[in-house]
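Q: Sharing run_0.txt (compact mmCIF, C-alpha atoms and all ligand atoms) below.
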# COMPACT_ATOMS: atom_id res chain seq x y z
CA MET A 56 212.63 172.19 129.77
CA SER A 57 213.14 175.75 131.00
CA LEU A 58 216.24 177.91 131.16
CA THR A 59 217.71 178.73 134.55
CA HIS A 60 220.23 181.03 132.86
CA ASP A 61 220.19 182.53 129.38
CA LEU A 62 223.93 182.86 129.21
CA HIS A 63 224.50 184.25 125.71
CA THR A 64 222.74 187.46 124.59
CA HIS A 65 223.68 190.59 122.62
CA THR A 66 222.73 194.25 122.97
CA THR A 67 223.20 197.53 121.13
CA PHE A 68 226.75 197.64 122.59
CA SER A 69 227.61 195.28 119.70
CA HIS A 70 224.99 194.57 117.04
CA GLY A 71 221.90 193.58 119.02
CA ASN A 72 218.64 195.47 118.61
CA ASN A 73 217.94 196.21 122.28
CA SER A 74 219.48 197.76 125.35
CA ILE A 75 220.76 195.86 128.39
CA LYS A 76 217.65 196.99 130.31
CA GLU A 77 215.28 195.76 127.62
CA MET A 78 216.99 192.34 127.49
CA VAL A 79 216.97 192.08 131.28
CA ASP A 80 213.31 193.12 131.53
CA GLN A 81 212.36 190.51 128.95
CA ALA A 82 214.17 187.77 130.93
CA ARG A 83 212.33 188.92 134.09
CA LYS A 84 209.02 188.80 132.23
CA LEU A 85 209.83 185.22 131.21
CA LYS A 86 210.90 184.41 134.79
CA ILE A 87 214.39 183.35 133.74
CA PRO A 88 216.42 183.69 136.97
CA LYS A 89 219.73 184.69 135.36
CA ILE A 90 220.98 186.35 132.17
CA THR A 91 224.44 187.06 130.78
CA ILE A 92 225.02 189.98 128.44
CA SER A 93 227.82 188.80 126.12
CA ASP A 94 228.62 191.17 123.28
CA HIS A 95 231.30 190.56 120.67
CA GLY A 96 235.03 190.95 121.12
CA ARG A 97 236.78 194.08 119.92
CA ASN A 98 238.48 192.59 116.81
CA HIS A 99 235.23 192.57 114.87
CA PRO A 100 235.03 195.83 112.90
CA PHE A 101 231.22 195.79 112.65
CA PHE A 102 230.05 193.90 115.74
CA GLY A 103 232.90 194.34 118.20
CA ILE A 104 232.38 196.35 121.36
CA ASN A 105 234.35 199.47 122.09
CA PRO A 106 236.54 198.34 125.06
CA LYS A 107 235.75 201.66 126.77
CA ASP A 108 232.11 200.59 126.96
CA LEU A 109 232.89 197.67 129.27
CA LYS A 110 233.09 199.92 132.32
CA VAL A 111 229.75 201.49 131.40
CA MET A 112 228.19 198.05 130.88
CA ARG A 113 229.58 196.84 134.21
CA GLU A 114 228.16 199.85 136.07
CA GLU A 115 224.79 199.48 134.38
CA ILE A 116 224.64 195.75 135.23
CA ASP A 117 225.70 196.38 138.84
CA PHE A 118 222.92 198.98 139.11
CA TYR A 119 220.23 196.55 137.86
CA ASN A 120 221.57 193.80 140.11
CA ASP A 121 220.97 196.15 143.03
CA GLN A 122 217.54 197.19 141.78
CA TYR A 123 216.08 193.82 140.80
CA LYS A 124 215.73 190.99 143.28
CA ASP A 125 214.18 188.54 140.81
CA ILE A 126 217.16 188.18 138.46
CA ASP A 127 220.95 187.86 138.46
CA ILE A 128 222.79 189.60 135.66
CA ASP A 129 226.33 188.77 134.56
CA LEU A 130 228.59 190.59 132.15
CA GLY A 131 230.35 188.31 129.69
CA ILE A 132 232.03 188.72 126.35
CA GLU A 133 231.99 186.60 123.22
CA ALA A 134 235.57 186.90 122.03
CA ASN A 135 236.52 186.14 118.45
CA ILE A 136 238.84 183.25 117.61
CA ILE A 137 241.40 185.05 115.47
CA GLY A 138 244.24 182.66 114.70
CA SER A 139 245.43 179.13 114.01
CA ASP A 140 247.71 179.63 117.03
CA GLY A 141 244.61 179.72 119.26
CA ALA A 142 244.58 183.49 119.69
CA ILE A 143 241.36 185.20 120.78
CA ASP A 144 240.65 188.90 121.23
CA VAL A 145 240.46 188.97 124.99
CA TYR A 146 242.58 191.47 126.94
CA ASP A 147 243.07 192.66 130.51
CA GLU A 148 240.23 195.14 130.19
CA GLU A 149 237.78 192.36 129.43
CA LEU A 150 239.22 190.19 132.21
CA LYS A 151 238.82 193.04 134.66
CA TYR A 152 235.14 193.72 133.99
CA CYS A 153 233.62 190.43 132.88
CA ASP A 154 232.19 187.53 134.89
CA SER A 155 232.52 185.06 132.03
CA PHE A 156 234.44 184.65 128.78
CA TYR A 157 233.29 182.88 125.69
CA ALA A 158 235.04 182.40 122.38
CA GLY A 159 233.54 181.68 119.01
CA TYR A 160 234.46 181.85 115.36
CA HIS A 161 232.81 184.59 113.28
CA TYR A 162 233.36 185.80 109.76
CA GLY A 163 234.71 189.31 109.34
CA TYR A 164 236.90 189.68 112.44
CA LEU A 165 240.32 191.29 112.09
CA PRO A 166 243.27 188.88 112.45
CA ASP A 167 245.97 190.00 114.88
CA ASN A 168 248.88 189.36 112.52
CA PHE A 169 249.68 188.48 108.91
CA LYS A 170 250.44 184.83 109.64
CA ASN A 171 246.97 184.31 111.10
CA PHE A 172 245.48 186.20 108.17
CA ARG A 173 247.24 183.85 105.72
CA THR A 174 246.87 180.54 107.58
CA PHE A 175 243.45 180.97 109.19
CA PHE A 176 241.33 183.92 108.03
CA ILE A 177 241.63 183.45 104.25
CA PRO A 178 241.59 179.62 104.04
CA ASN A 179 238.56 179.33 106.34
CA VAL A 180 236.56 181.59 104.04
CA ALA A 181 237.97 179.97 100.85
CA GLY A 182 237.37 176.48 102.30
CA GLN A 183 233.63 177.08 101.98
CA PHE A 184 234.09 176.87 98.21
CA PHE A 185 236.93 174.29 97.90
CA PRO A 186 236.17 170.98 99.68
CA PRO A 187 239.82 169.75 99.71
CA LEU A 188 240.85 172.95 101.51
CA LYS A 189 237.96 172.50 103.93
CA GLN A 190 239.46 169.15 104.96
CA VAL A 191 242.87 170.74 105.56
CA MET A 192 241.20 173.46 107.61
CA LYS A 193 239.27 170.91 109.65
CA ASN A 194 242.58 169.67 111.09
CA ARG A 195 244.02 173.16 111.48
CA ASN A 196 240.86 174.51 113.12
CA THR A 197 240.75 171.62 115.57
CA ASP A 198 244.32 172.44 116.48
CA ALA A 199 243.36 176.11 116.93
CA TYR A 200 240.59 175.17 119.40
CA LEU A 201 242.99 172.94 121.35
CA LYS A 202 245.69 175.63 121.50
CA MET A 203 243.07 178.19 122.55
CA MET A 204 241.97 176.03 125.49
CA GLU A 205 245.60 175.59 126.56
CA ARG A 206 246.27 179.34 126.28
CA TYR A 207 243.02 180.45 127.93
CA PRO A 208 242.05 177.76 130.45
CA TYR A 209 239.76 180.29 132.19
CA LEU A 210 237.43 180.28 129.18
CA THR A 211 233.87 179.62 130.31
CA MET A 212 232.45 178.30 127.05
CA ILE A 213 233.10 177.74 123.35
CA THR A 214 230.17 179.24 121.43
CA HIS A 215 228.64 177.40 118.47
CA PRO A 216 231.58 174.96 118.12
CA GLY A 217 232.37 174.16 114.50
CA ASP A 218 230.04 176.74 112.97
CA LYS A 219 231.54 178.16 109.72
CA MET A 220 234.84 176.62 110.81
CA PRO A 221 234.85 172.82 110.48
CA ILE A 222 236.45 170.87 113.33
CA HIS A 223 236.86 167.34 114.66
CA ILE A 224 234.68 167.51 117.73
CA GLU A 225 236.11 164.54 119.66
CA PRO A 226 239.53 165.99 120.67
CA VAL A 227 237.88 169.36 121.35
CA ALA A 228 235.32 167.74 123.67
CA GLU A 229 238.02 165.69 125.39
CA LEU A 230 240.16 168.74 126.22
CA ALA A 231 237.11 170.88 127.12
CA ALA A 232 236.18 168.18 129.64
CA GLU A 233 239.66 168.29 131.15
CA LYS A 234 239.67 172.11 131.39
CA GLY A 235 236.04 172.44 132.56
CA ILE A 236 235.09 174.51 129.51
CA LEU A 237 231.45 174.29 128.38
CA LEU A 238 230.39 173.48 124.84
CA GLU A 239 227.40 175.43 123.62
CA LEU A 240 224.20 174.21 122.03
CA ASN A 241 223.35 177.40 120.16
CA GLN A 242 219.90 177.58 118.61
CA HIS A 243 220.79 180.60 116.48
CA HIS A 244 223.61 178.75 114.68
CA ASN A 245 222.39 175.18 115.22
CA ARG A 246 225.81 174.14 116.63
CA LEU A 247 226.59 171.79 118.20
CA ASN A 248 224.39 169.83 115.84
CA LEU A 249 223.00 166.41 116.75
CA GLU A 250 225.86 164.48 115.17
CA ASP A 251 228.55 166.43 117.04
CA LEU A 252 226.58 166.42 120.30
CA ILE A 253 226.47 162.62 120.25
CA LYS A 254 230.22 162.43 119.52
CA ALA A 255 231.08 165.04 122.18
CA SER A 256 228.94 163.34 124.82
CA LYS A 257 231.33 160.35 124.88
CA TYR A 258 233.67 162.61 126.89
CA ASP A 259 232.99 164.00 130.35
CA VAL A 260 232.23 167.50 129.02
CA LYS A 261 229.29 169.67 130.06
CA PHE A 262 227.01 171.65 127.80
CA ALA A 263 224.94 174.83 127.94
CA VAL A 264 221.93 175.74 125.84
CA ALA A 265 221.81 179.33 124.62
CA SER A 266 219.46 181.65 122.78
CA ASP A 267 222.22 183.91 121.39
CA ALA A 268 219.40 186.46 121.36
CA HIS A 269 220.07 189.62 119.34
CA ASP A 270 216.57 190.94 120.06
CA VAL A 271 214.17 190.87 123.02
CA LYS A 272 211.87 188.57 121.10
CA ASP A 273 214.54 185.83 121.19
CA VAL A 274 215.45 185.97 124.89
CA GLY A 275 214.96 182.47 126.31
CA ASN A 276 214.31 181.00 122.87
CA VAL A 277 216.30 177.79 122.46
CA GLY A 278 214.37 176.58 119.43
CA THR A 279 214.57 172.84 118.83
CA MET A 280 217.45 172.22 121.24
CA GLU A 281 215.26 170.31 123.73
CA GLU A 282 214.31 167.89 120.99
CA MET A 283 217.97 167.49 120.02
CA ILE A 284 219.02 166.80 123.62
CA LYS A 285 216.37 164.06 123.81
CA GLN A 286 217.47 162.58 120.50
CA ALA A 287 221.10 162.52 121.63
CA GLY A 288 220.00 160.63 124.74
CA ILE A 289 222.44 162.44 127.01
CA ASP A 290 222.10 162.71 130.77
CA LYS A 291 220.10 165.86 131.59
CA ASP A 292 222.50 166.81 134.39
CA ARG A 293 225.12 167.53 131.77
CA ILE A 294 223.23 170.61 130.55
CA VAL A 295 224.23 173.16 133.17
CA ASN A 296 221.59 175.87 132.67
CA VAL A 297 218.26 174.12 132.28
CA LYS A 298 215.58 172.54 134.40
CA PHE A 299 213.55 169.65 133.13
CA GLU A 300 209.93 169.52 134.23
CA ASP A 301 209.58 165.72 134.56
ZN ZN B 1 228.75 183.95 117.98
ZN ZN B 2 226.63 185.52 119.94
Turn this file's structure into structure tokens for me.
A:
Amino acid sequence: MSLTHDLHTHTTFSHGNNSIKEMVDQARKLKIPKITISDHGRNHPFFGINPKDLKVMREEIDFYNDQYKDIDIDLGIEANIIGSDGAIDVYDEELKYCDSFYAGYHYGYLPDNFKNFRTFFIPNVAGQFFPPLKQVMKNRNTDAYLKMMERYPYLTMITHPGDKMPIHIEPVAELAAEKGILLELNQHHNRLNLEDLIKASKYDVKFAVASDAHDVKDVGNVGTMEEMIKQAGIDKDRIVNVKFED
């Protein structure tokens, strides 16, 4: 299995270790035909990009797309899921500059209002320590994913679904299929895991494998995901960004 597109990577514009050029050059070295630079949404105080940087990133990517004939480079963003009402930190500025939009749940983001702080931010962290609360949050988080897909139907992909934020994968996969939103197989977070991949594959949803590289050494690295895809027994055509050798 080889990647035709490493569609989830980070740079020094958020908290990656390398520049856009270094990540792009590494993908070229590995003969990966396409890469997406997808740094974190602005509501993360430590990892979030400065929205002003998007124009700079766009110009830099356009320049390399002109220079290099052996690779396509897209600008994306990995927005933060910030509320039980399905809010994510994506704004017009991101929409204007980016080719693709992802959303994922991360610890440490800033909620957009007090209600989301109380009903989503705090209980998701506390749920890690109190199993009964985790069950309550599983329903609420599932609802948040569903509302998010209704509010942002132009989302390209949900990153590491269910990581650090338990969900029921079946309704999420069903609506993602209807909206044409990809579910990610993220090697860095090991989500979807095998169990959820099998459940999700009952619906007509498509998947993408991603390195989530934060360093040049991880570009193109999808760890044990090939093995997991085989174990799940899903049709290879459903993984949109890989080529299988056989
Ligand atoms: Zn992420
Ligand atoms: Zn990421």
Q: As a PyMOL selection string, please: every protein or nucleic acid residue near ligand ZN 2 (chain B) (cut-off 12 Å, counting only C-alpha atoms and all ligand atoms).
A: chain A and resi 61-66+69-71+91-96+102-103+131-135+156-161+212-216+218+239-244+246+265-270
Q: Excluding Glu114 of chain A and any residue of its chain fewer than 2 positions from it, enumerate the residues within 12 Å of it, using only C-alpha atoms, and give them as a list in words.
A: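 Final neighbour list, sorted by chain and number: Ile75, Asp108, Leu109, Lys110, Val111, Met112, Ile116, Asp117, Phe118, Tyr119, Asn120, Asp121, Ile128, Asp129, Leu130, Tyr152 and Cys153 of chain A.
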Q: Counting only C-alpha atoms and all ligand atoms, figure out which residue out of A:Leu85, A:Met220, A:Ala231, A:Met78 gets nearest to ligand ZN 1 (chain B).
A: A:Met220
Q: Just checking: using all atoms listed in the file, which residue out of A:Ala181, A:Lys219, A:Leu150, A:Asn171 ends up closest to ligand ZN 1 (chain B)?
A: A:Lys219
Q: Could you give me, as a PyMOL selection string, the residues that sit within 7 Å of (240.8, 184.0, 111.8) in the file's coordinates, counting only C-alpha atoms?
A: chain A and resi 136-138+164+166+171-172+175-176
Q: Deliver the residues from the most recent selection as a file, using C-alpha atoms, as an mmCIF file, keeping the file's coordinate frame.
A:
data_model
loop_
_atom_site.group_PDB
_atom_site.id
_atom_site.type_symbol
_atom_site.label_atom_id
_atom_site.label_comp_id
_atom_site.auth_asym_id
_atom_site.auth_seq_id
_atom_site.Cartn_x
_atom_site.Cartn_y
_atom_site.Cartn_z
ATOM 1 C CA ILE A 136 238.840 183.250 117.610
ATOM 2 C CA ILE A 137 241.400 185.050 115.470
ATOM 3 C CA GLY A 138 244.240 182.660 114.700
ATOM 4 C CA TYR A 164 236.900 189.680 112.440
ATOM 5 C CA PRO A 166 243.270 188.880 112.450
ATOM 6 C CA ASN A 171 246.970 184.310 111.100
ATOM 7 C CA PHE A 172 245.480 186.200 108.170
ATOM 8 C CA PHE A 175 243.450 180.970 109.190
ATOM 9 C CA PHE A 176 241.330 183.920 108.030
#
Q: Looking at A:Tyr162, A:Ile90, A:Asn248, A:Gln183, which one is nearest to ligand ZN 1 (chain B), with distances taken over all atoms listed in the file?
A: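 Checking each candidate against ligand ZN 1 (chain B), we get A:Tyr162 as the closest.
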Q: Taking 3 positions as the minimum chain separation for residues in the same chain, which residues sit within 7 Å of segment 202-211 of chain A when counting all atoms listed in the file? Answer as a list in words.
A: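 That gives Asp140, Gly141, Ala142, Ser155, Phe156, Tyr157, Asp198, Ala199, Lys234, Ile236 and Leu237 of chain A.
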Q: One decimal, Å: what's the distance from atom CA of Tyr123 of chain A over to atom CA of Lys86 of chain A, could you say?
A: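 Computed distance, atom CA of Tyr123 of chain A to atom CA of Lys86 of chain A, equals 12.3 Å.
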Q: Mind pulling up the distance from atom CA of Gln286 of chain A to atom CA of Leu249 of chain A?
A: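 Those two atoms sit 7.7 Å apart.
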Q: Of the candidates A:Arg113, A:Leu201, A:Asp273, A:Glu300, which shows the shortest atom-to-atom distance to Lys151 of chain A, using all atoms listed in the file?
A: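 Among the listed residues, the smallest separation from Lys151 of chain A belongs to A:Arg113.
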Q: At what distance in Å, to one decimal, does atom CA of Val295 of chain A lie from atom CA of Ile126 of chain A?
A: 17.4 Å
Q: For a quick check of understanding, using all atoms listed in the file, which of A:Lys291, A:Leu252, A:Asp259, A:His99 has the smallest distance to ligand ZN 1 (chain B)?
A: A:His99
Q: Rank A:Gly163, A:His223, A:Lys298, A:Met192 by their smallest atom-to-atom distance to ligand ZN 1 (chain B), using all atoms listed in the file, and report the top residue only.
A: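 Using all atoms listed in the file, ligand ZN 1 (chain B) sits closest to A:Gly163.
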Q: Around (210.1, 184.6, 131.7) in the file's frame, which residues reach within 12 Å when counting all atoms listed in the file? Return as a list of chain:residue names?
A: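 These residues have at least one counted atom within 12 Å: A:Ser57, A:Leu58, A:Thr59, A:His60, A:Asp61, A:Met78, A:Val79, A:Asp80, A:Gln81, A:Ala82, A:Arg83, A:Lys84, A:Leu85, A:Lys86, A:Ile87, A:Pro88, A:Lys89, A:Ile90, A:Asp125, A:Ile126, A:Val271, A:Lys272, A:Asp273, A:Val274, A:Gly275, A:Asn276.
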Q: Excluding Ile284 of chain A and residues on its chain fewer than 5 positions from it, collect all residues at most 12 Å away from it, counting all atoms listed in the file, and give them as a list in words.
A: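 In the requested format, the answer is Met56, Leu240, Asn241, Gln242, Leu247, Asn248, Leu249, Glu250, Asp251, Leu252, Ile253, Ser256, Phe262, Ala263, Val264, Val277, Gly278, Thr279, Ile289, Asp290, Lys291, Asp292, Arg293, Ile294, Val297 and Phe299 of chain A.
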Q: Fewer than 2 positions away in the same chain doesn't count, so skip those; otherwise give me all residues within 8 Å of Glu229 of chain A, counting only C-alpha atoms, as a list of chain:residue names.
A: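 Near Glu229 of chain A, the qualifying residues are A:Glu225, A:Pro226, A:Val227, A:Ala231, A:Ala232, A:Glu233, A:Ala255, A:Tyr258, A:Asp259, A:Val260.
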Q: Please rebuild segment 105-127 of chain A with N, CA, C and O atoms and return the result as a compact mmCIF listing (two decimals), in the coordinates of the input.
A:
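Saved as out_21.txt:
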# COMPACT_ATOMS: atom_id res chain seq x y z
N ASN A 105 233.30 198.53 121.77
CA ASN A 105 234.35 199.47 122.09
C ASN A 105 234.81 199.12 123.51
O ASN A 105 233.98 199.13 124.43
N PRO A 106 236.11 198.76 123.72
CA PRO A 106 236.54 198.34 125.06
C PRO A 106 236.19 199.34 126.15
O PRO A 106 235.97 198.96 127.30
N LYS A 107 236.10 200.62 125.78
CA LYS A 107 235.75 201.66 126.77
C LYS A 107 234.34 201.46 127.31
O LYS A 107 234.01 201.92 128.40
N ASP A 108 233.50 200.79 126.53
CA ASP A 108 232.11 200.59 126.96
C ASP A 108 231.98 199.55 128.08
O ASP A 108 230.94 199.49 128.75
N LEU A 109 233.01 198.73 128.26
CA LEU A 109 232.89 197.67 129.27
C LEU A 109 232.64 198.21 130.67
O LEU A 109 231.85 197.65 131.43
N LYS A 110 233.28 199.31 131.00
CA LYS A 110 233.09 199.92 132.32
C LYS A 110 231.63 200.40 132.46
O LYS A 110 231.01 200.19 133.50
N VAL A 111 231.13 201.01 131.41
CA VAL A 111 229.75 201.49 131.40
C VAL A 111 228.78 200.32 131.55
O VAL A 111 227.82 200.38 132.33
N MET A 112 229.05 199.24 130.81
CA MET A 112 228.19 198.05 130.88
C MET A 112 228.22 197.45 132.28
O MET A 112 227.20 197.05 132.83
N ARG A 113 229.43 197.40 132.86
CA ARG A 113 229.58 196.84 134.21
C ARG A 113 228.76 197.64 135.23
O ARG A 113 228.06 197.09 136.06
N GLU A 114 228.88 198.98 135.12
CA GLU A 114 228.16 199.85 136.07
C GLU A 114 226.65 199.70 135.90
O GLU A 114 225.91 199.65 136.88
N GLU A 115 226.22 199.63 134.65
CA GLU A 115 224.79 199.48 134.38
C GLU A 115 224.28 198.15 134.95
O GLU A 115 223.23 198.10 135.60
N ILE A 116 225.05 197.08 134.74
CA ILE A 116 224.64 195.75 135.23
C ILE A 116 224.65 195.72 136.76
O ILE A 116 223.72 195.18 137.38
N ASP A 117 225.65 196.33 137.37
CA ASP A 117 225.70 196.38 138.84
C ASP A 117 224.48 197.13 139.39
O ASP A 117 223.90 196.73 140.41
N PHE A 118 224.09 198.20 138.70
CA PHE A 118 222.92 198.98 139.11
C PHE A 118 221.65 198.12 139.06
O PHE A 118 220.88 198.07 140.03
N TYR A 119 221.45 197.39 137.96
CA TYR A 119 220.23 196.55 137.86
C TYR A 119 220.29 195.39 138.84
O TYR A 119 219.25 194.96 139.35
N ASN A 120 221.48 194.87 139.11
CA ASN A 120 221.57 193.80 140.11
C ASN A 120 221.14 194.28 141.49
O ASN A 120 220.55 193.53 142.26
N ASP A 121 221.43 195.57 141.77
CA ASP A 121 220.97 196.15 143.03
C ASP A 121 219.46 196.38 143.03
O ASP A 121 218.79 196.18 144.04
N GLN A 122 218.96 196.84 141.89
CA GLN A 122 217.54 197.19 141.78
C GLN A 122 216.60 195.99 141.79
O GLN A 122 215.57 196.02 142.42
N TYR A 123 216.99 194.95 141.05
CA TYR A 123 216.08 193.82 140.80
C TYR A 123 216.44 192.63 141.68
O TYR A 123 217.58 192.16 141.66
N LYS A 124 215.46 192.14 142.41
CA LYS A 124 215.73 190.99 143.28
C LYS A 124 215.34 189.67 142.61
O LYS A 124 215.60 188.60 143.13
N ASP A 125 214.68 189.76 141.46
CA ASP A 125 214.18 188.54 140.81
C ASP A 125 215.10 188.02 139.71
O ASP A 125 214.78 187.06 139.02
N ILE A 126 216.25 188.65 139.53
CA ILE A 126 217.16 188.18 138.46
C ILE A 126 218.62 188.49 138.81
O ILE A 126 218.90 189.49 139.48
N ASP A 127 219.51 187.60 138.39
CA ASP A 127 220.95 187.86 138.46
C ASP A 127 221.43 188.20 137.06
O ASP A 127 221.04 187.52 136.10
